[in-house]
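**Q** This is run09.cif, which holds mmCIF, C-alpha atoms:
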data_final
#
loop_
_atom_site.group_PDB
_atom_site.id
_atom_site.type_symbol
_atom_site.label_atom_id
_atom_site.label_comp_id
_atom_site.auth_asym_id
_atom_site.auth_seq_id
_atom_site.Cartn_x
_atom_site.Cartn_y
_atom_site.Cartn_z
ATOM 1 C CA MET A 1 -11.435 -12.197 16.061
ATOM 2 C CA ALA A 2 -14.144 -10.983 18.409
ATOM 3 C CA GLY A 3 -16.668 -11.626 15.622
ATOM 4 C CA PHE A 4 -15.582 -15.274 15.372
ATOM 5 C CA PHE A 5 -15.128 -15.832 19.116
ATOM 6 C CA PRO A 6 -17.334 -13.452 21.147
ATOM 7 C CA ASN A 7 -15.959 -14.664 24.505
ATOM 8 C CA LEU A 8 -12.300 -14.453 23.487
ATOM 9 C CA GLU A 9 -11.769 -11.009 25.029
ATOM 10 C CA HIS A 10 -12.489 -12.445 28.496
ATOM 11 C CA ILE A 11 -9.711 -15.068 28.264
ATOM 12 C CA PRO A 12 -6.358 -14.002 29.774
ATOM 13 C CA VAL A 13 -3.570 -13.318 27.231
ATOM 14 C CA LEU A 14 -5.699 -14.532 24.296
ATOM 15 C CA GLY A 15 -7.938 -11.544 24.876
ATOM 16 C CA LEU A 16 -5.210 -9.413 23.292
ATOM 17 C CA LEU A 17 -6.233 -10.856 19.926
ATOM 18 C CA THR A 18 -9.440 -8.816 20.125
ATOM 19 C CA ASN A 19 -7.535 -5.563 20.607
ATOM 20 C CA ARG A 20 -6.811 -3.754 17.345
ATOM 21 C CA ARG A 21 -3.524 -2.194 18.431
ATOM 22 C CA ALA A 22 -2.222 -5.405 19.988
ATOM 23 C CA VAL A 23 -2.939 -7.361 16.798
ATOM 24 C CA ILE A 24 -1.146 -4.715 14.698
ATOM 25 C CA VAL A 25 1.966 -4.884 16.898
ATOM 26 C CA ILE A 26 2.035 -8.693 17.035
ATOM 27 C CA CYS A 27 1.514 -9.182 13.287
ATOM 28 C CA THR A 28 4.040 -6.492 12.361
ATOM 29 C CA ILE A 29 6.764 -7.911 14.607
ATOM 30 C CA CYS A 30 6.096 -11.582 13.821
ATOM 31 C CA ILE A 31 5.248 -11.415 10.086
ATOM 32 C CA SER A 32 5.886 -8.128 8.277
ATOM 33 C CA PHE A 33 9.217 -7.280 9.907
ATOM 34 C CA PRO A 34 10.907 -10.675 9.273
ATOM 35 C CA LEU A 35 9.730 -10.644 5.635
ATOM 36 C CA SER A 36 11.045 -7.090 5.212
ATOM 37 C CA LEU A 37 14.542 -8.152 6.286
ATOM 38 C CA TYR A 38 15.089 -10.105 3.057
ATOM 39 C CA ARG A 39 17.588 -8.448 0.722
ATOM 40 C CA ASP A 40 16.242 -10.132 -2.433
ATOM 41 C CA ILE A 41 12.684 -9.294 -3.494
ATOM 42 C CA SER A 42 12.312 -12.704 -5.159
ATOM 43 C CA LYS A 43 12.384 -14.256 -1.675
ATOM 44 C CA LEU A 44 8.868 -12.881 -1.220
ATOM 45 C CA ALA A 45 7.502 -15.159 -3.946
ATOM 46 C CA LYS A 46 5.813 -17.563 -1.519
ATOM 47 C CA ALA A 47 4.456 -14.748 0.617
ATOM 48 C CA SER A 48 3.149 -13.018 -2.504
ATOM 49 C CA ALA A 49 1.468 -16.249 -3.602
ATOM 50 C CA PHE A 50 -0.224 -16.392 -0.195
ATOM 51 C CA ALA A 51 -1.375 -12.796 -0.653
ATOM 52 C CA LEU A 52 -2.686 -13.677 -4.103
ATOM 53 C CA LEU A 53 -4.703 -16.520 -2.595
ATOM 54 C CA SER A 54 -6.218 -14.064 -0.144
ATOM 55 C CA MET A 55 -7.018 -11.770 -3.068
ATOM 56 C CA PHE A 56 -9.036 -14.482 -4.776
ATOM 57 C CA VAL A 57 -10.980 -14.955 -1.545
ATOM 58 C CA ILE A 58 -11.596 -11.198 -1.418
ATOM 59 C CA ILE A 59 -10.876 -9.082 -4.481
ATOM 60 C CA PHE A 60 -10.455 -6.011 -2.319
ATOM 61 C CA ALA A 61 -6.825 -6.966 -1.842
ATOM 62 C CA ILE A 62 -4.598 -4.681 -3.935
ATOM 63 C CA LEU A 63 -6.776 -1.589 -4.032
ATOM 64 C CA THR A 64 -4.257 0.826 -2.533
ATOM 65 C CA GLN A 65 -1.491 0.308 -5.112
ATOM 66 C CA ALA A 66 -3.461 -0.880 -8.125
ATOM 67 C CA PHE A 67 -2.368 1.814 -10.566
ATOM 68 C CA VAL A 68 0.602 3.478 -8.839
ATOM 69 C CA CYS A 69 2.848 0.450 -8.321
ATOM 70 C CA HIS A 70 5.398 1.239 -11.028
ATOM 71 C CA HIS A 71 7.964 2.170 -8.361
ATOM 72 C CA ASN A 72 8.357 -1.620 -7.973
ATOM 73 C CA SER A 73 8.971 -2.182 -11.685
ATOM 74 C CA LEU A 74 12.770 -2.380 -11.725
ATOM 75 C CA LEU A 75 12.940 -4.694 -8.717
ATOM 76 C CA ILE A 76 10.229 -6.962 -10.114
ATOM 77 C CA TYR A 77 11.929 -7.038 -13.524
ATOM 78 C CA GLY A 78 15.187 -8.080 -11.880
ATOM 79 C CA SER A 79 13.458 -10.805 -9.878
ATOM 80 C CA LEU A 80 12.122 -12.598 -12.987
ATOM 81 C CA ARG A 81 13.690 -15.986 -13.674
ATOM 82 C CA LYS A 82 14.406 -14.889 -17.257
ATOM 83 C CA PRO A 83 14.198 -11.069 -17.265
ATOM 84 C CA THR A 84 13.165 -10.004 -20.753
ATOM 85 C CA LEU A 85 10.948 -7.157 -21.897
ATOM 86 C CA ASP A 86 8.378 -9.557 -23.351
ATOM 87 C CA ARG A 87 8.048 -11.509 -20.110
ATOM 88 C CA PHE A 88 7.884 -8.306 -18.093
ATOM 89 C CA ALA A 89 5.187 -6.953 -20.431
ATOM 90 C CA LYS A 90 3.075 -10.059 -19.780
ATOM 91 C CA VAL A 91 3.473 -9.644 -16.017
ATOM 92 C CA THR A 92 2.514 -5.978 -16.272
ATOM 93 C CA ASN A 93 -0.512 -6.582 -18.491
ATOM 94 C CA TYR A 94 -1.884 -9.460 -16.427
ATOM 95 C CA SER A 95 -1.377 -7.718 -13.068
ATOM 96 C CA THR A 96 -2.888 -4.428 -14.275
ATOM 97 C CA GLY A 97 -5.843 -6.265 -15.811
ATOM 98 C CA ILE A 98 -6.533 -8.169 -12.591
ATOM 99 C CA SER A 99 -6.232 -4.911 -10.619
ATOM 100 C CA LEU A 100 -8.697 -3.192 -12.945
ATOM 101 C CA VAL A 101 -11.288 -5.955 -12.610
ATOM 102 C CA ALA A 102 -10.841 -6.140 -8.822
ATOM 103 C CA CYS A 103 -11.147 -2.384 -8.299
ATOM 104 C CA LEU A 104 -14.183 -2.050 -10.559
ATOM 105 C CA ALA A 105 -15.928 -4.978 -8.877
ATOM 106 C CA VAL A 106 -15.373 -3.574 -5.389
ATOM 107 C CA ALA A 107 -16.132 0.039 -6.331
ATOM 108 C CA LEU A 108 -19.331 -0.711 -8.243
ATOM 109 C CA GLY A 109 -20.520 -3.317 -5.742
ATOM 110 C CA GLY A 110 -19.958 -1.020 -2.788
ATOM 111 C CA PHE A 111 -21.522 2.060 -4.370
ATOM 112 C CA LEU A 112 -24.557 0.240 -5.774
ATOM 113 C CA THR A 113 -25.187 -1.302 -2.351
ATOM 114 C CA PHE A 114 -24.481 1.592 0.018
ATOM 115 C CA GLY A 115 -24.532 4.683 -2.208
ATOM 116 C CA ASP A 116 -23.041 7.789 -0.627
ATOM 117 C CA LYS A 117 -22.734 5.926 2.688
ATOM 118 C CA THR A 118 -19.892 3.774 1.337
ATOM 119 C CA GLU A 119 -16.890 3.815 3.674
ATOM 120 C CA GLY A 120 -13.276 4.129 2.524
ATOM 121 C CA ASN A 121 -13.013 0.465 3.479
ATOM 122 C CA VAL A 122 -16.278 -0.996 2.177
ATOM 123 C CA LEU A 123 -15.991 -3.876 4.653
ATOM 124 C CA ASN A 124 -16.742 -1.394 7.441
ATOM 125 C CA ASN A 125 -20.248 -0.967 6.008
ATOM 126 C CA PHE A 126 -21.090 -4.499 7.100
ATOM 127 C CA PRO A 127 -21.961 -5.559 10.678
ATOM 128 C CA ALA A 128 -19.162 -6.823 12.915
ATOM 129 C CA ASP A 129 -20.860 -10.186 13.532
ATOM 130 C CA ASN A 130 -21.140 -11.205 9.852
ATOM 131 C CA THR A 131 -19.039 -14.373 9.497
ATOM 132 C CA VAL A 132 -18.431 -14.105 5.748
ATOM 133 C CA VAL A 133 -17.388 -10.457 6.008
ATOM 134 C CA ASN A 134 -15.113 -11.266 8.945
ATOM 135 C CA ILE A 135 -13.368 -13.870 6.778
ATOM 136 C CA ALA A 136 -12.933 -11.177 4.140
ATOM 137 C CA ARG A 137 -11.508 -8.799 6.765
ATOM 138 C CA LEU A 138 -9.055 -11.498 7.851
ATOM 139 C CA CYS A 139 -7.912 -12.097 4.273
ATOM 140 C CA PHE A 140 -7.540 -8.367 3.691
ATOM 141 C CA GLY A 141 -5.406 -8.027 6.808
ATOM 142 C CA LEU A 142 -3.199 -10.981 5.830
ATOM 143 C CA ASN A 143 -2.711 -9.452 2.392
ATOM 144 C CA MET A 144 -1.606 -6.153 3.915
ATOM 145 C CA LEU A 145 0.947 -7.989 6.072
ATOM 146 C CA THR A 146 2.676 -9.229 2.914
ATOM 147 C CA THR A 147 2.249 -5.926 1.058
ATOM 148 C CA LEU A 148 4.224 -3.925 3.636
ATOM 149 C CA PRO A 149 7.507 -5.844 3.039
ATOM 150 C CA LEU A 150 7.148 -5.344 -0.726
ATOM 151 C CA GLU A 151 6.834 -1.588 -0.300
ATOM 152 C CA SER A 152 9.700 -1.569 2.208
ATOM 153 C CA PHE A 153 11.988 -3.129 -0.409
ATOM 154 C CA VAL A 154 11.521 -0.194 -2.761
ATOM 155 C CA CYS A 155 11.829 2.529 -0.139
ATOM 156 C CA ARG A 156 14.932 0.928 1.382
ATOM 157 C CA GLU A 157 16.514 0.518 -2.044
ATOM 158 C CA VAL A 158 15.975 4.221 -2.800
ATOM 159 C CA MET A 159 17.399 5.251 0.571
ATOM 160 C CA VAL A 160 20.509 3.122 0.033
ATOM 161 C CA LEU A 161 21.112 4.413 -3.498
ATOM 162 C CA TYR A 162 20.565 8.035 -2.463
ATOM 163 C CA PHE A 163 22.362 8.212 0.897
ATOM 164 C CA PHE A 164 24.982 5.442 0.469
ATOM 165 C CA PRO A 165 25.679 5.230 -3.285
ATOM 166 C CA HIS A 166 29.321 4.162 -2.910
ATOM 167 C CA HIS A 167 29.190 2.171 0.316
ATOM 168 C CA HIS A 168 28.483 -1.463 1.041
ATOM 169 C CA VAL A 169 25.362 -1.758 3.170
ATOM 170 C CA ASN A 170 26.306 -3.944 6.132
ATOM 171 C CA THR A 171 23.871 -6.013 8.166
ATOM 172 C CA LEU A 172 23.534 -3.436 10.940
ATOM 173 C CA LEU A 173 22.600 -0.628 8.535
ATOM 174 C CA HIS A 174 20.250 -2.959 6.657
ATOM 175 C CA ILE A 175 18.407 -3.815 9.867
ATOM 176 C CA ALA A 176 18.326 -0.163 10.964
ATOM 177 C CA LEU A 177 16.785 1.038 7.696
ATOM 178 C CA THR A 178 14.261 -1.798 7.627
ATOM 179 C CA SER A 179 13.286 -1.245 11.255
ATOM 180 C CA SER A 180 12.771 2.482 10.747
ATOM 181 C CA LEU A 181 10.468 1.874 7.763
ATOM 182 C CA VAL A 182 8.401 -0.965 9.213
ATOM 183 C CA PHE A 183 7.964 0.385 12.717
ATOM 184 C CA SER A 184 7.209 3.943 11.572
ATOM 185 C CA ALA A 185 4.406 2.482 9.457
ATOM 186 C CA MET A 186 3.251 0.484 12.471
ATOM 187 C CA LEU A 187 3.153 3.609 14.674
ATOM 188 C CA ILE A 188 1.041 5.426 12.084
ATOM 189 C CA SER A 189 -1.380 2.496 11.853
ATOM 190 C CA LEU A 190 -1.757 2.511 15.641
ATOM 191 C CA THR A 191 -2.979 6.109 15.633
ATOM 192 C CA ILE A 192 -5.098 6.183 12.448
ATOM 193 C CA CYS A 193 -8.118 3.980 11.784
ATOM 194 C CA ASP A 194 -9.920 5.829 8.970
ATOM 195 C CA LEU A 195 -8.753 3.954 5.880
ATOM 196 C CA GLY A 196 -10.613 6.355 3.573
ATOM 197 C CA ALA A 197 -8.579 9.318 4.807
ATOM 198 C CA VAL A 198 -5.359 7.326 4.400
ATOM 199 C CA PHE A 199 -6.288 6.487 0.804
ATOM 200 C CA GLU A 200 -6.993 10.160 0.105
ATOM 201 C CA ILE A 201 -3.617 11.286 1.440
ATOM 202 C CA ILE A 202 -1.779 8.520 -0.452
ATOM 203 C CA GLY A 203 -3.599 9.499 -3.629
ATOM 204 C CA ALA A 204 -2.928 13.195 -3.043
ATOM 205 C CA THR A 205 0.808 12.754 -2.516
ATOM 206 C CA SER A 206 2.400 9.647 -3.992
ATOM 207 C CA ALA A 207 -0.183 8.912 -6.697
ATOM 208 C CA CYS A 208 -0.275 12.496 -7.995
ATOM 209 C CA ALA A 209 3.507 12.756 -7.918
ATOM 210 C CA LEU A 210 4.080 9.409 -9.641
ATOM 211 C CA ALA A 211 1.413 9.894 -12.294
ATOM 212 C CA TYR A 212 1.251 13.631 -13.054
ATOM 213 C CA ILE A 213 4.330 15.426 -11.688
ATOM 214 C CA LEU A 214 7.530 13.371 -11.802
ATOM 215 C CA PRO A 215 7.163 11.894 -15.345
ATOM 216 C CA PRO A 216 6.601 15.273 -17.056
ATOM 217 C CA LEU A 217 9.393 16.803 -14.956
ATOM 218 C CA CYS A 218 11.744 14.106 -16.258
ATOM 219 C CA TYR A 219 10.583 14.852 -19.790
ATOM 220 C CA ILE A 220 11.177 18.590 -19.303
ATOM 221 C CA LYS A 221 14.663 17.859 -17.965
ATOM 222 C CA LEU A 222 15.629 15.579 -20.860
ATOM 223 C CA ALA A 223 13.800 17.166 -23.805
ATOM 224 C CA LYS A 224 15.000 20.070 -25.890
ATOM 225 C CA ARG A 225 13.422 23.437 -25.216
ATOM 226 C CA SER A 226 10.548 23.711 -27.666
ATOM 227 C CA TRP A 227 6.764 23.944 -27.758
ATOM 228 C CA ARG A 228 6.621 20.201 -27.061
ATOM 229 C CA VAL A 229 7.432 20.789 -23.385
ATOM 230 C CA VAL A 230 4.385 23.042 -22.926
ATOM 231 C CA PRO A 231 1.945 20.127 -22.338
ATOM 232 C CA ALA A 232 4.397 18.693 -19.819
ATOM 233 C CA VAL A 233 4.543 22.008 -17.955
ATOM 234 C CA VAL A 234 0.733 22.233 -17.940
ATOM 235 C CA THR A 235 0.529 18.685 -16.584
ATOM 236 C CA VAL A 236 2.945 19.529 -13.765
ATOM 237 C CA VAL A 237 0.962 22.634 -12.817
ATOM 238 C CA LEU A 238 -2.373 20.799 -12.862
ATOM 239 C CA GLY A 239 -0.908 17.842 -10.956
ATOM 240 C CA THR A 240 0.512 20.139 -8.294
ATOM 241 C CA GLY A 241 -2.845 21.887 -7.944
ATOM 242 C CA VAL A 242 -4.710 18.594 -7.619
ATOM 243 C CA MET A 243 -2.155 17.398 -5.068
ATOM 244 C CA GLY A 244 -2.581 20.505 -2.935
ATOM 245 C CA ILE A 245 -6.393 20.456 -2.988
ATOM 246 C CA SER A 246 -6.607 16.710 -2.355
ATOM 247 C CA LEU A 247 -4.065 16.883 0.463
ATOM 248 C CA VAL A 248 -5.959 19.666 2.235
ATOM 249 C CA MET A 249 -9.234 17.755 1.895
ATOM 250 C CA GLY A 250 -7.638 14.504 3.097
ATOM 251 C CA VAL A 251 -6.021 16.097 6.140
ATOM 252 C CA GLY A 252 -9.277 17.920 6.897
ATOM 253 C CA LYS A 253 -11.183 14.645 6.797
ATOM 254 C CA MET A 254 -8.641 12.973 9.054
ATOM 255 C CA LEU A 255 -8.906 15.819 11.584
ATOM 256 C CA GLY A 256 -12.692 15.701 11.452
ATOM 257 C CA PHE A 257 -13.467 18.737 9.296
ATOM 258 C CA GLY A 258 -15.954 17.438 6.733
ATOM 259 C CA ALA A 259 -17.897 19.379 4.172
ATOM 260 C CA GLY A 260 -19.354 22.430 5.829
ATOM 261 C CA GLY A 261 -17.454 21.703 9.033
ATOM 262 C CA GLY A 262 -19.883 18.967 10.029
ATOM 263 C CA GLY A 263 -17.557 16.004 9.691
ATOM 264 C CA GLU A 264 -16.782 13.687 12.582
ATOM 265 C CA ARG A 265 -13.379 12.383 13.416
ATOM 266 C CA LYS A 266 -13.366 8.599 13.743
ATOM 267 C CA VAL A 267 -12.056 7.266 17.026
ATOM 268 C CA CYS A 268 -10.018 4.051 16.952
ATOM 269 C CA SER A 269 -11.449 1.351 19.146
#
Kindly transcribe the structure held in the file into structure tokens.
**A**
Amino acid sequence: MAGFFPNLEHIPVLGLLTNRRAVIVICTICISFPLSLYRDISKLAKASAFALLSMFVIIFAILTQAFVCHHNSLLIYGSLRKPTLDRFAKVTNYSTGISLVACLAVALGGFLTFGDKTEGNVLNNFPADNTVVNIARLCFGLNMLTTLPLESFVCREVMVLYFFPHHHVNTLLHIALTSSLVFSAMLISLTICDLGAVFEIIGATSACALAYILPPLCYIKLAKRSWRVVPAVVTVVLGTGVMGISLVMGVGKMLGFGAGGGGERKVCS
């Protein structure tokens, strides 16, 4: 906002819109939290369409969950107007294809332009007073506001099924679970501003577990004991090793320990 309106920070009350932490709190309470309170994921259709519009303005939109979003699969399948495997396959193919094109465009464009100086969020490589880039930053932020409720649906659903499998979830418990998820994410975002380090930790934990550890573990559990489980065991071991190394490197980057100990910890403004 300061890039669009340089004098805004000097205006009483409205000056809060130039403060990063104030904007996070306001947008979370006024947008993400109310959307997260829905019990039916299909209610997010309009918000998702708005996020999709932002994605067309800036293809950077769905980078964080492009290839590890299958934890949403069952909820999305159930939200289809006519839930069939053929219709779900079309949704999966189209969404994955769009994600692939978007990620490649952003990755190649950023690297070819900035080389090894490319930030975790490529928009941070551009000056703060660039109007076009500021519009892109705004669209990216709006997209994230609608992404948080979608992720909260899945996490809340898992918590309910695991901790309260035989109980009806009343309104009070529903609000308590939603509040804990949304506001814990908000608190983390208030203290961390290095998006690259966040991506590394997400990739090291959830992405590795979803892609390389949990699926082969399920196969080992269900399959008969034979030589066919050996590749699954190898995959689990390699995935665990990659997770450990990536997690250490991500945490080190977040704490300011770069390669050779010369990294700098980014300070949130």
**Q** Smallest atom-to-atom distance to Phe183 (chain A): which of A:Thr96, A:Ser36, A:Thr84, A:Asn125, using only C-alpha atoms?
**A**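 Using only C-alpha atoms, Phe183 (chain A) sits closest to A:Ser36.
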**Q** Skip Ser246 (chain A) itself and residues of its chain fewer than 3 positions away, then list as an MDAnalysis selection string all residues within 9 Å of it, counting only C-alpha atoms.
**A** chainID A and resid 200:201 203:205 241:243 249:251
**Q** Provide the CA of Leu108 (chain A) to CA of Ser95 (chain A) distance in Å, to one decimal place.
**A** 19.9 Å
**Q** Considering only C-alpha atoms, state which residue in the set A:Ile213, A:Val101, A:Leu150, A:Val236 is at the smallest distance from Arg39 (chain A).
**A**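 Closest to Arg39 (chain A), using only C-alpha atoms: A:Leu150.
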**Q** Quick one: what's the axis-aligned box for region 176-180 of chain A, all listed atoms, 6 Å on every side, centre and edges in Å to one decimal, as JSON?
**A**
{"center_x": 15.5, "center_y": 0.3, "center_z": 9.4, "size_x": 17.6, "size_y": 16.3, "size_z": 15.6}
**Q** To test your reading of the syntax: which residues would the PyMOL selection byres ((chain A and resi 110) around 12) return for the file shown? Reply as an mmCIF file with C-alpha atoms, keeping the file's coordinate frame.
**A**
data_model
loop_
_atom_site.group_PDB
_atom_site.id
_atom_site.type_symbol
_atom_site.label_atom_id
_atom_site.label_comp_id
_atom_site.auth_asym_id
_atom_site.auth_seq_id
_atom_site.Cartn_x
_atom_site.Cartn_y
_atom_site.Cartn_z
ATOM 1 C CA PHE A 60 -10.455 -6.011 -2.319
ATOM 2 C CA CYS A 103 -11.147 -2.384 -8.299
ATOM 3 C CA LEU A 104 -14.183 -2.050 -10.559
ATOM 4 C CA ALA A 105 -15.928 -4.978 -8.877
ATOM 5 C CA VAL A 106 -15.373 -3.574 -5.389
ATOM 6 C CA ALA A 107 -16.132 0.039 -6.331
ATOM 7 C CA LEU A 108 -19.331 -0.711 -8.243
ATOM 8 C CA GLY A 109 -20.520 -3.317 -5.742
ATOM 9 C CA PHE A 111 -21.522 2.060 -4.370
ATOM 10 C CA LEU A 112 -24.557 0.240 -5.774
ATOM 11 C CA THR A 113 -25.187 -1.302 -2.351
ATOM 12 C CA PHE A 114 -24.481 1.592 0.018
ATOM 13 C CA GLY A 115 -24.532 4.683 -2.208
ATOM 14 C CA ASP A 116 -23.041 7.789 -0.627
ATOM 15 C CA LYS A 117 -22.734 5.926 2.688
ATOM 16 C CA THR A 118 -19.892 3.774 1.337
ATOM 17 C CA GLU A 119 -16.890 3.815 3.674
ATOM 18 C CA GLY A 120 -13.276 4.129 2.524
ATOM 19 C CA ASN A 121 -13.013 0.465 3.479
ATOM 20 C CA VAL A 122 -16.278 -0.996 2.177
ATOM 21 C CA LEU A 123 -15.991 -3.876 4.653
ATOM 22 C CA ASN A 124 -16.742 -1.394 7.441
ATOM 23 C CA ASN A 125 -20.248 -0.967 6.008
ATOM 24 C CA PHE A 126 -21.090 -4.499 7.100
#
**Q** For Leu217 (chain A), please output as a list of chain:residue names all residues within 10 Å (counting all atoms listed in the file; exclusion window: fewer than 5 positions along the same chain).
**A** A:Tyr212, A:Leu222, A:Ala223, A:Val229, A:Ala232, A:Val233, A:Thr235, A:Val236
**Q** In Å, with one decimal, what is the gap from CA of Thr178 (chain A) to CA of Ser152 (chain A)?
**A**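 Result for CA of Thr178 (chain A) versus CA of Ser152 (chain A): 7.1 Å, one decimal.
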**Q** Tell me which residues the PyMOL selection byres ((chain A and resi 33) around 10) grabs here, as a ChimeraX atom specification.
**A** /A:27-32,34-38,145-146,148-149,152,175,178-179,181-183
**Q** Find, counting all atoms listed in the file, the residue in A:Cys193, A:Arg156, A:Pro12, A:Pro216 that gets nearest to Ser180 (chain A).
**A** A:Arg156
